[in-house]
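Trainee: Starting off with a structure, shown below.
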Amino acid sequence: MNKRLIKTLRKMGVRFYTLKEWEKKERERILKIPPGKRIAMTLWMLNEAKKLSPRHR
Amino acid sequence: MKRKSSPPGIADLKRVITRLRKQGVVKDYALAGALAMAAWGYVRATTDFDVLVLADIADIPALEKRLFGKAFLIEDIDAIGLRFFHRRFPVDLMFARTKDELAALKNAPYRSVAGTRIKVVPLDYLISTKSRSKRGKDRIDRVELLKIQRILKKKKGL
């Protein structure tokens, strides 16, 4: 990525992460959700994904 | 009694994107990530919505203000995105910049989900992004997507 763009993004206040940091952040976010809600959320998303799948259509 | 709101679905996501398109901050979009994989036939659970968007990076402050989101850059994979929460569910808008990403947006086919027509990134693009990633789950995704690609190619050949 060009240096000018990086500079612009920094000025905009864009947060910079490495993939490892992003993954860690995601894991922490998911672990903060209570287990019951986590399961409910996963099932909801799985259902949304199923709706999109060719077998469902 | 306090009413609990249900998590957003594909139709809600489409509504948000349509609003952003009307406001002119998003020019084009296509569903990416795990939901796009589902649209191609590989269903797996996910914890967020990923959308590839054609938007000007200069509009990041406007998008942040409208969506109460925060922009991010993942340095090693050179990805610029903006995360916002829609009914407490994370939605990642990924800014299309590379030739591949722009082509993916241009060639994205439509899929219908319960009356909602939504654009989905092409299978080839999904495979190429999974091939570039070093994450374990992406390797598994790639294997499954390649199997689907083989099946689709066979069908086309018939």
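FYI, nothing fancy with the structure tokens labels: chains A, B, ... in order, residues from 1 per chain, ligands from 1 as they appear.
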Residues of chain B no more than 6 Å from chain A, counting only C-alpha atoms: send them over as a PyMOL selection string.
Mentor: chain B and resi 35+38-39+41+45+71-76+113
Trainee: Considering only C-alpha atoms, return as an MDAnalysis selection string whatever protein or nucleic-acid residues lie within 8 Å of region 98-110 of chain B, sequence-local ones (same chain, fewer than 5 positions apart) excluded.
Mentor: chainID B and resid 28:30 52:54 117:122 125
Trainee: Store the residues picked out above, limited to C-alpha atoms, as a compact mmCIF listing (two decimals), in the first residue's frame.
Mentor:
# COMPACT_ATOMS: atom_id res chain seq x y z
CA ASP B 28 -21.78 -0.88 -5.45
CA TYR B 29 -21.74 -3.87 -3.12
CA ALA B 30 -21.59 -7.66 -2.96
CA LEU B 52 -17.45 -5.88 -0.26
CA VAL B 53 -18.28 -2.29 -1.19
CA LEU B 54 -17.26 0.22 -3.80
CA ARG B 117 -32.32 -9.97 -4.24
CA ILE B 118 -28.74 -9.55 -3.08
CA LYS B 119 -25.43 -9.51 -4.95
CA VAL B 120 -22.86 -12.14 -3.98
CA VAL B 121 -19.14 -12.16 -4.83
CA PRO B 122 -18.11 -14.71 -7.52
CA TYR B 125 -12.88 -14.44 -6.04
